$ cat upload.cif   # mmCIF, N, CA and C atoms
data_query
loop_
_atom_site.label_atom_id
_atom_site.label_comp_id
_atom_site.auth_asym_id
_atom_site.auth_seq_id
_atom_site.Cartn_x
_atom_site.Cartn_y
_atom_site.Cartn_z
N GLN I 1 22.59 15.82 -8.97
CA GLN I 1 21.59 16.74 -8.45
C GLN I 1 20.48 15.94 -7.77
N VAL I 2 20.23 16.26 -6.51
CA VAL I 2 19.22 15.55 -5.74
C VAL I 2 17.85 16.12 -6.07
N GLN I 3 16.92 15.23 -6.37
CA GLN I 3 15.54 15.64 -6.61
C GLN I 3 14.59 14.70 -5.87
N LEU I 4 13.50 15.26 -5.37
CA LEU I 4 12.44 14.49 -4.73
C LEU I 4 11.16 14.67 -5.54
N VAL I 5 10.48 13.55 -5.76
CA VAL I 5 9.22 13.60 -6.50
C VAL I 5 8.16 12.85 -5.71
N GLU I 6 7.10 13.57 -5.33
CA GLU I 6 5.98 12.95 -4.62
C GLU I 6 4.92 12.49 -5.61
N SER I 7 4.17 11.49 -5.20
CA SER I 7 3.04 11.01 -5.99
C SER I 7 2.05 10.35 -5.05
N GLY I 8 0.85 10.08 -5.59
CA GLY I 8 -0.14 9.36 -4.81
C GLY I 8 -1.27 10.18 -4.26
N GLY I 9 -1.20 11.48 -4.43
CA GLY I 9 -2.29 12.31 -3.94
C GLY I 9 -3.55 12.14 -4.77
N GLY I 10 -4.62 12.72 -4.29
CA GLY I 10 -5.88 12.64 -5.02
C GLY I 10 -7.04 13.06 -4.16
N LEU I 11 -8.24 12.76 -4.66
CA LEU I 11 -9.47 13.08 -3.95
C LEU I 11 -10.03 11.80 -3.35
N VAL I 12 -10.38 11.86 -2.09
CA VAL I 12 -10.90 10.69 -1.40
C VAL I 12 -11.99 11.13 -0.43
N GLN I 13 -12.93 10.25 -0.15
CA GLN I 13 -13.96 10.56 0.82
C GLN I 13 -13.44 10.39 2.23
N ALA I 14 -14.03 11.09 3.15
CA ALA I 14 -13.67 10.95 4.55
C ALA I 14 -13.76 9.48 4.97
N GLY I 15 -12.75 9.05 5.73
CA GLY I 15 -12.69 7.66 6.15
C GLY I 15 -11.87 6.79 5.22
N GLY I 16 -11.51 7.33 4.07
CA GLY I 16 -10.74 6.59 3.09
C GLY I 16 -9.25 6.63 3.35
N SER I 17 -8.50 6.04 2.42
CA SER I 17 -7.05 5.92 2.56
C SER I 17 -6.34 6.36 1.29
N LEU I 18 -5.13 6.83 1.47
CA LEU I 18 -4.22 7.12 0.37
C LEU I 18 -2.81 6.76 0.82
N ARG I 19 -1.97 6.40 -0.14
CA ARG I 19 -0.55 6.21 0.15
C ARG I 19 0.25 7.13 -0.74
N LEU I 20 0.98 8.02 -0.09
CA LEU I 20 1.87 8.93 -0.81
C LEU I 20 3.25 8.30 -0.93
N SER I 21 3.89 8.55 -2.05
CA SER I 21 5.25 8.08 -2.28
C SER I 21 6.18 9.26 -2.53
N CYS I 22 7.41 9.10 -2.13
CA CYS I 22 8.45 10.11 -2.37
C CYS I 22 9.67 9.38 -2.91
N GLU I 23 10.03 9.69 -4.13
CA GLU I 23 11.18 9.05 -4.74
C GLU I 23 12.33 10.04 -4.86
N VAL I 24 13.49 9.62 -4.42
CA VAL I 24 14.68 10.46 -4.53
C VAL I 24 15.51 10.01 -5.72
N SER I 25 16.04 10.95 -6.45
CA SER I 25 16.97 10.66 -7.53
C SER I 25 18.22 11.50 -7.33
N GLY I 26 19.34 11.00 -7.82
CA GLY I 26 20.60 11.69 -7.63
C GLY I 26 21.28 11.37 -6.32
N SER I 27 20.61 10.59 -5.48
CA SER I 27 21.15 10.17 -4.19
C SER I 27 20.24 9.07 -3.64
N THR I 28 20.43 8.72 -2.39
CA THR I 28 19.53 7.79 -1.72
C THR I 28 19.20 8.35 -0.35
N PHE I 29 18.24 7.71 0.30
CA PHE I 29 17.88 8.11 1.65
C PHE I 29 18.77 7.45 2.70
N ILE I 30 19.72 6.62 2.27
CA ILE I 30 20.58 5.94 3.24
C ILE I 30 21.34 6.98 4.05
N GLY I 31 21.22 6.87 5.37
CA GLY I 31 21.91 7.80 6.24
C GLY I 31 21.18 9.11 6.48
N SER I 32 19.99 9.26 5.89
CA SER I 32 19.23 10.50 6.04
C SER I 32 17.83 10.23 6.56
N GLY I 33 17.33 11.14 7.35
CA GLY I 33 15.93 11.07 7.73
C GLY I 33 15.06 11.62 6.62
N VAL I 34 13.78 11.32 6.70
CA VAL I 34 12.81 11.79 5.72
C VAL I 34 11.60 12.31 6.48
N ALA I 35 11.06 13.41 6.03
CA ALA I 35 9.88 13.99 6.66
C ALA I 35 8.81 14.27 5.62
N TRP I 36 7.57 14.22 6.09
CA TRP I 36 6.42 14.68 5.30
C TRP I 36 5.84 15.91 5.99
N TYR I 37 5.63 16.94 5.21
CA TYR I 37 4.98 18.15 5.67
C TYR I 37 3.70 18.33 4.87
N ARG I 38 2.84 19.19 5.36
CA ARG I 38 1.65 19.55 4.60
C ARG I 38 1.35 21.03 4.80
N GLN I 39 0.69 21.58 3.79
CA GLN I 39 0.28 22.98 3.87
C GLN I 39 -1.12 23.11 3.30
N ALA I 40 -2.03 23.52 4.17
CA ALA I 40 -3.41 23.76 3.77
C ALA I 40 -3.55 25.22 3.34
N PRO I 41 -4.55 25.53 2.53
CA PRO I 41 -4.74 26.92 2.08
C PRO I 41 -4.85 27.88 3.24
N GLY I 42 -4.06 28.94 3.21
CA GLY I 42 -4.11 29.96 4.24
C GLY I 42 -3.43 29.59 5.53
N LYS I 43 -2.77 28.44 5.56
CA LYS I 43 -2.10 28.00 6.79
C LYS I 43 -0.61 27.80 6.55
N GLN I 44 0.13 27.76 7.65
CA GLN I 44 1.56 27.52 7.55
C GLN I 44 1.84 26.04 7.28
N ARG I 45 2.98 25.79 6.69
CA ARG I 45 3.40 24.41 6.46
C ARG I 45 3.67 23.77 7.82
N GLU I 46 3.21 22.54 8.02
CA GLU I 46 3.39 21.85 9.28
C GLU I 46 3.98 20.47 9.06
N LEU I 47 4.75 20.04 10.06
CA LEU I 47 5.35 18.71 10.02
C LEU I 47 4.28 17.68 10.34
N VAL I 48 4.18 16.66 9.51
CA VAL I 48 3.20 15.59 9.69
C VAL I 48 3.85 14.35 10.29
N ALA I 49 4.97 13.95 9.72
CA ALA I 49 5.63 12.72 10.16
C ALA I 49 7.10 12.79 9.79
N HIS I 50 7.91 12.07 10.58
CA HIS I 50 9.35 12.03 10.34
C HIS I 50 9.86 10.64 10.66
N ILE I 51 10.83 10.18 9.87
CA ILE I 51 11.52 8.93 10.16
C ILE I 51 13.01 9.19 10.09
N THR I 52 13.72 8.75 11.13
CA THR I 52 15.16 8.96 11.17
C THR I 52 15.87 7.94 10.29
N SER I 53 17.16 8.15 10.10
CA SER I 53 17.94 7.20 9.31
C SER I 53 17.94 5.83 9.97
N GLY I 54 17.72 5.79 11.28
CA GLY I 54 17.67 4.53 12.01
C GLY I 54 16.29 3.91 12.08
N GLY I 55 15.31 4.60 11.49
CA GLY I 55 13.97 4.04 11.44
C GLY I 55 13.04 4.46 12.56
N ILE I 56 13.46 5.40 13.39
CA ILE I 56 12.60 5.89 14.46
C ILE I 56 11.61 6.88 13.88
N THR I 57 10.35 6.73 14.22
CA THR I 57 9.30 7.56 13.65
C THR I 57 8.68 8.50 14.69
N ASP I 58 8.13 9.58 14.19
CA ASP I 58 7.45 10.55 15.04
C ASP I 58 6.35 11.17 14.21
N TYR I 59 5.24 11.52 14.89
CA TYR I 59 4.06 12.02 14.20
C TYR I 59 3.47 13.24 14.89
N ALA I 60 2.83 14.08 14.10
CA ALA I 60 2.03 15.15 14.68
C ALA I 60 0.86 14.51 15.42
N ASP I 61 0.44 15.15 16.50
CA ASP I 61 -0.65 14.60 17.30
C ASP I 61 -1.92 14.39 16.46
N SER I 62 -2.12 15.26 15.49
CA SER I 62 -3.35 15.21 14.69
C SER I 62 -3.43 13.99 13.79
N VAL I 63 -2.31 13.31 13.56
CA VAL I 63 -2.32 12.16 12.65
C VAL I 63 -1.90 10.86 13.33
N LYS I 64 -1.53 10.92 14.59
CA LYS I 64 -1.10 9.71 15.30
C LYS I 64 -2.20 8.66 15.27
N GLY I 65 -1.80 7.44 14.96
CA GLY I 65 -2.76 6.35 14.90
C GLY I 65 -3.44 6.20 13.55
N ARG I 66 -3.28 7.20 12.68
CA ARG I 66 -3.92 7.15 11.36
C ARG I 66 -2.90 7.11 10.22
N PHE I 67 -1.76 7.78 10.39
CA PHE I 67 -0.74 7.86 9.36
C PHE I 67 0.48 7.03 9.76
N THR I 68 1.15 6.46 8.76
CA THR I 68 2.36 5.70 8.99
C THR I 68 3.41 6.09 7.96
N ILE I 69 4.57 6.49 8.44
CA ILE I 69 5.69 6.81 7.55
C ILE I 69 6.62 5.61 7.48
N SER I 70 7.17 5.37 6.31
CA SER I 70 8.09 4.25 6.14
C SER I 70 9.03 4.53 4.98
N ARG I 71 10.02 3.67 4.86
CA ARG I 71 10.96 3.77 3.74
C ARG I 71 11.12 2.39 3.13
N ALA I 72 11.34 2.34 1.83
CA ALA I 72 11.57 1.08 1.15
C ALA I 72 12.98 0.59 1.45
N ILE I 73 13.17 -0.72 1.37
CA ILE I 73 14.48 -1.30 1.67
C ILE I 73 15.57 -0.69 0.80
N ALA I 74 15.26 -0.43 -0.43
CA ALA I 74 16.24 0.16 -1.36
C ALA I 74 16.62 1.57 -0.96
N ASN I 75 15.81 2.17 -0.09
CA ASN I 75 16.09 3.50 0.46
C ASN I 75 16.08 4.61 -0.56
N ASN I 76 15.48 4.39 -1.67
CA ASN I 76 15.27 5.53 -2.54
C ASN I 76 13.79 5.92 -2.62
N LEU I 77 12.99 5.27 -1.75
CA LEU I 77 11.58 5.58 -1.68
C LEU I 77 11.15 5.75 -0.24
N ALA I 78 10.27 6.70 0.00
CA ALA I 78 9.64 6.87 1.29
C ALA I 78 8.14 6.95 1.06
N TYR I 79 7.38 6.55 2.08
CA TYR I 79 5.94 6.49 1.94
C TYR I 79 5.25 7.17 3.12
N LEU I 80 4.04 7.59 2.86
CA LEU I 80 3.16 8.04 3.93
C LEU I 80 1.81 7.37 3.69
N GLN I 81 1.52 6.36 4.50
CA GLN I 81 0.23 5.69 4.45
C GLN I 81 -0.75 6.48 5.30
N MET I 82 -1.84 6.90 4.70
CA MET I 82 -2.82 7.74 5.40
C MET I 82 -4.16 7.02 5.42
N ASN I 83 -4.60 6.68 6.62
CA ASN I 83 -5.89 5.99 6.81
C ASN I 83 -6.85 6.87 7.57
N LEU I 84 -8.12 6.51 7.51
CA LEU I 84 -9.16 7.26 8.24
C LEU I 84 -9.03 8.76 7.97
N LEU I 85 -8.91 9.10 6.73
CA LEU I 85 -8.70 10.49 6.36
C LEU I 85 -9.89 11.35 6.73
N LYS I 86 -9.58 12.59 7.11
CA LYS I 86 -10.58 13.57 7.52
C LYS I 86 -10.50 14.79 6.58
N PRO I 87 -11.57 15.54 6.48
CA PRO I 87 -11.53 16.75 5.65
C PRO I 87 -10.39 17.70 6.05
N GLU I 88 -10.07 17.74 7.33
CA GLU I 88 -8.99 18.63 7.77
C GLU I 88 -7.60 18.14 7.37
N ASP I 89 -7.51 16.97 6.77
CA ASP I 89 -6.24 16.49 6.22
C ASP I 89 -5.99 17.05 4.81
N THR I 90 -6.97 17.74 4.27
CA THR I 90 -6.81 18.33 2.95
C THR I 90 -5.67 19.34 2.94
N ALA I 91 -4.72 19.13 2.03
CA ALA I 91 -3.53 19.98 1.96
C ALA I 91 -2.65 19.52 0.80
N VAL I 92 -1.63 20.30 0.53
CA VAL I 92 -0.55 19.83 -0.33
C VAL I 92 0.50 19.19 0.57
N TYR I 93 0.90 17.98 0.23
CA TYR I 93 1.84 17.24 1.04
C TYR I 93 3.21 17.25 0.35
N TYR I 94 4.24 17.55 1.16
CA TYR I 94 5.60 17.67 0.66
C TYR I 94 6.53 16.69 1.36
N CYS I 95 7.44 16.16 0.60
CA CYS I 95 8.51 15.31 1.12
C CYS I 95 9.75 16.18 1.32
N ASN I 96 10.50 15.90 2.37
CA ASN I 96 11.69 16.68 2.70
C ASN I 96 12.79 15.79 3.24
N THR I 97 14.01 16.08 2.86
CA THR I 97 15.15 15.36 3.41
C THR I 97 16.38 16.25 3.40
N HIS I 98 17.35 15.86 4.22
CA HIS I 98 18.64 16.54 4.24
C HIS I 98 19.70 15.53 3.83
N ILE I 99 20.41 15.84 2.77
CA ILE I 99 21.45 14.95 2.25
C ILE I 99 22.72 15.76 2.04
N SER I 100 23.80 15.31 2.69
CA SER I 100 25.12 15.95 2.53
C SER I 100 25.04 17.46 2.73
N GLY I 101 24.32 17.87 3.75
CA GLY I 101 24.22 19.27 4.10
C GLY I 101 23.20 20.07 3.30
N GLY I 102 22.60 19.47 2.32
CA GLY I 102 21.58 20.16 1.54
C GLY I 102 20.18 19.85 2.04
N ASP I 103 19.27 20.81 1.87
CA ASP I 103 17.87 20.68 2.29
C ASP I 103 17.04 20.57 1.02
N TYR I 104 16.33 19.45 0.85
CA TYR I 104 15.64 19.17 -0.40
C TYR I 104 14.15 18.97 -0.16
N TRP I 105 13.37 19.53 -1.10
CA TRP I 105 11.91 19.43 -1.05
C TRP I 105 11.39 18.95 -2.40
N GLY I 106 10.31 18.20 -2.34
CA GLY I 106 9.62 17.86 -3.56
C GLY I 106 8.67 18.98 -3.96
N GLN I 107 7.97 18.75 -5.06
CA GLN I 107 7.07 19.77 -5.58
C GLN I 107 5.70 19.73 -4.91
N GLY I 108 5.44 18.66 -4.19
CA GLY I 108 4.17 18.53 -3.47
C GLY I 108 3.14 17.72 -4.25
N THR I 109 2.24 17.09 -3.51
CA THR I 109 1.13 16.37 -4.11
C THR I 109 -0.13 16.73 -3.35
N GLN I 110 -1.20 17.01 -4.08
CA GLN I 110 -2.43 17.50 -3.47
C GLN I 110 -3.26 16.34 -2.94
N VAL I 111 -3.72 16.50 -1.71
CA VAL I 111 -4.66 15.55 -1.10
C VAL I 111 -5.92 16.33 -0.74
N ALA I 112 -7.04 15.85 -1.20
CA ALA I 112 -8.32 16.48 -0.90
C ALA I 112 -9.26 15.42 -0.32
N VAL I 113 -9.83 15.72 0.83
CA VAL I 113 -10.72 14.79 1.51
C VAL I 113 -12.10 15.42 1.60
N SER I 114 -13.07 14.77 0.99
CA SER I 114 -14.43 15.30 1.01
C SER I 114 -15.23 14.71 2.18
N SER I 115 -16.15 15.51 2.66
CA SER I 115 -16.95 15.06 3.82
C SER I 115 -18.20 14.32 3.37
#

$ encode --input "upload.cif" --output "structure tokens"
Amino acid sequence: QVQLVESGGGLVQAGGSLRLSCEVSGSTFIGSGVAWYRQAPGKQRELVAHITSGGITDYADSVKGRFTISRAIANNLAYLQMNLLKPEDTAVYYCNTHISGGDYWGQGTQVAVSS
């Protein structure tokens, strides 16, 4: 059974940094892309960053230059490094991947940025 678990969220002041982690169990990220989404209160879930199985990355315009998505060599971990955080980055952040035709989501980790 594939499971994703996010960690690393918390409260940080504007301009600060956080690194989110996403650990997969029951499978690996080898051969699969990984995405980070976020959902702020009262808003729709939005794609923040994506990395393909080949390592190609893509970002939402709102986070370009500030966030970096990556995967560990062992490929059972993915990260989202978030720098220069802004209050509008406050949201629950979710990890997502597709493995063997299945669509998997973590439970989310809360990020709160104070001004």

$ resolve_selection --input "upload.cif" --expression "the PyMOL selection byres ((chain I and resi 10) around 6)" --output "list in words"
Gly8, Gly9, Leu11, Val12, Gln110, Val111 and Ala112 of chain I

$ residues_around --input "upload.cif" --residues "range 34-51 of chain I" --least-positions-apart "6" --cutoff "5 Å" --atoms "all atoms listed in the file" --output "mmCIF file with N, CA and C atoms, in the frame of the given file"
data_model
loop_
_atom_site.group_PDB
_atom_site.id
_atom_site.type_symbol
_atom_site.label_atom_id
_atom_site.label_comp_id
_atom_site.auth_asym_id
_atom_site.auth_seq_id
_atom_site.Cartn_x
_atom_site.Cartn_y
_atom_site.Cartn_z
ATOM 1 N N THR I 57 10.350 6.730 14.220
ATOM 2 C CA THR I 57 9.300 7.560 13.650
ATOM 3 C C THR I 57 8.680 8.500 14.690
ATOM 4 N N ASP I 58 8.130 9.580 14.190
ATOM 5 C CA ASP I 58 7.450 10.550 15.040
ATOM 6 C C ASP I 58 6.350 11.170 14.210
ATOM 7 N N TYR I 59 5.240 11.520 14.890
ATOM 8 C CA TYR I 59 4.060 12.020 14.200
ATOM 9 C C TYR I 59 3.470 13.240 14.890
ATOM 10 N N ALA I 60 2.830 14.080 14.100
ATOM 11 C CA ALA I 60 2.030 15.150 14.680
ATOM 12 C C ALA I 60 0.860 14.510 15.420
ATOM 13 N N ALA I 91 -4.720 19.130 2.030
ATOM 14 C CA ALA I 91 -3.530 19.980 1.960
ATOM 15 C C ALA I 91 -2.650 19.520 0.800
ATOM 16 N N VAL I 92 -1.630 20.300 0.530
ATOM 17 C CA VAL I 92 -0.550 19.830 -0.330
ATOM 18 C C VAL I 92 0.500 19.190 0.570
ATOM 19 N N TYR I 93 0.900 17.980 0.230
ATOM 20 C CA TYR I 93 1.840 17.240 1.040
ATOM 21 C C TYR I 93 3.210 17.250 0.350
ATOM 22 N N TYR I 94 4.240 17.550 1.160
ATOM 23 C CA TYR I 94 5.600 17.670 0.660
ATOM 24 C C TYR I 94 6.530 16.690 1.360
ATOM 25 N N CYS I 95 7.440 16.160 0.600
ATOM 26 C CA CYS I 95 8.510 15.310 1.120
ATOM 27 C C CYS I 95 9.750 16.180 1.320
ATOM 28 N N ASN I 96 10.500 15.900 2.370
ATOM 29 C CA ASN I 96 11.690 16.680 2.700
ATOM 30 C C ASN I 96 12.790 15.790 3.240
ATOM 31 N N THR I 97 14.010 16.080 2.860
ATOM 32 C CA THR I 97 15.150 15.360 3.410
ATOM 33 C C THR I 97 16.380 16.250 3.400
#

$ residues_around --input "upload.cif" --residues "Ser17 in chain I" --least-positions-apart "6" --cutoff "8 Å" --atoms "only N, CA and C atoms" --output "ChimeraX atom specification"
/I:81-85

$ closest_residue --input "upload.cif" --among "I:Gly33, I:Val2, I:Gly101, I:Phe67" --to "Asp89 in chain I" --atoms "only C-alpha atoms"
I:Phe67

$ closest_residue --input "upload.cif" --among "I:Asn76, I:Gln3, I:Thr68, I:Ser62" --to "Gly106 in chain I" --atoms "only N, CA and C atoms"
I:Gln3

$ residues_around --input "upload.cif" --residues "Lys86 in chain I" --least-positions-apart "6" --cutoff "8 Å" --atoms "all atoms listed in the file" --output "PyMOL selection string"
chain I and resi 13-16+112-115

$ closest_residue --input "upload.cif" --among "I:Ile56, I:Ile69, I:Leu4, I:Val63" --to "Cys22 in chain I" --atoms "only C-alpha atoms"
I:Leu4

$ atom_distance --input "upload.cif" --atom1 "atom C of Ser27 in chain I" --atom2 "CA of Arg66 in chain I"
28.5 Å

$ atom_distance --input "upload.cif" --atom1 "atom N of Ala72 in chain I" --atom2 "CA of Thr90 in chain I"
24.2 Å

$ atom_distance --input "upload.cif" --atom1 "atom C of Gly102 in chain I" --atom2 "atom N of Lys64 in chain I"
26.6 Å
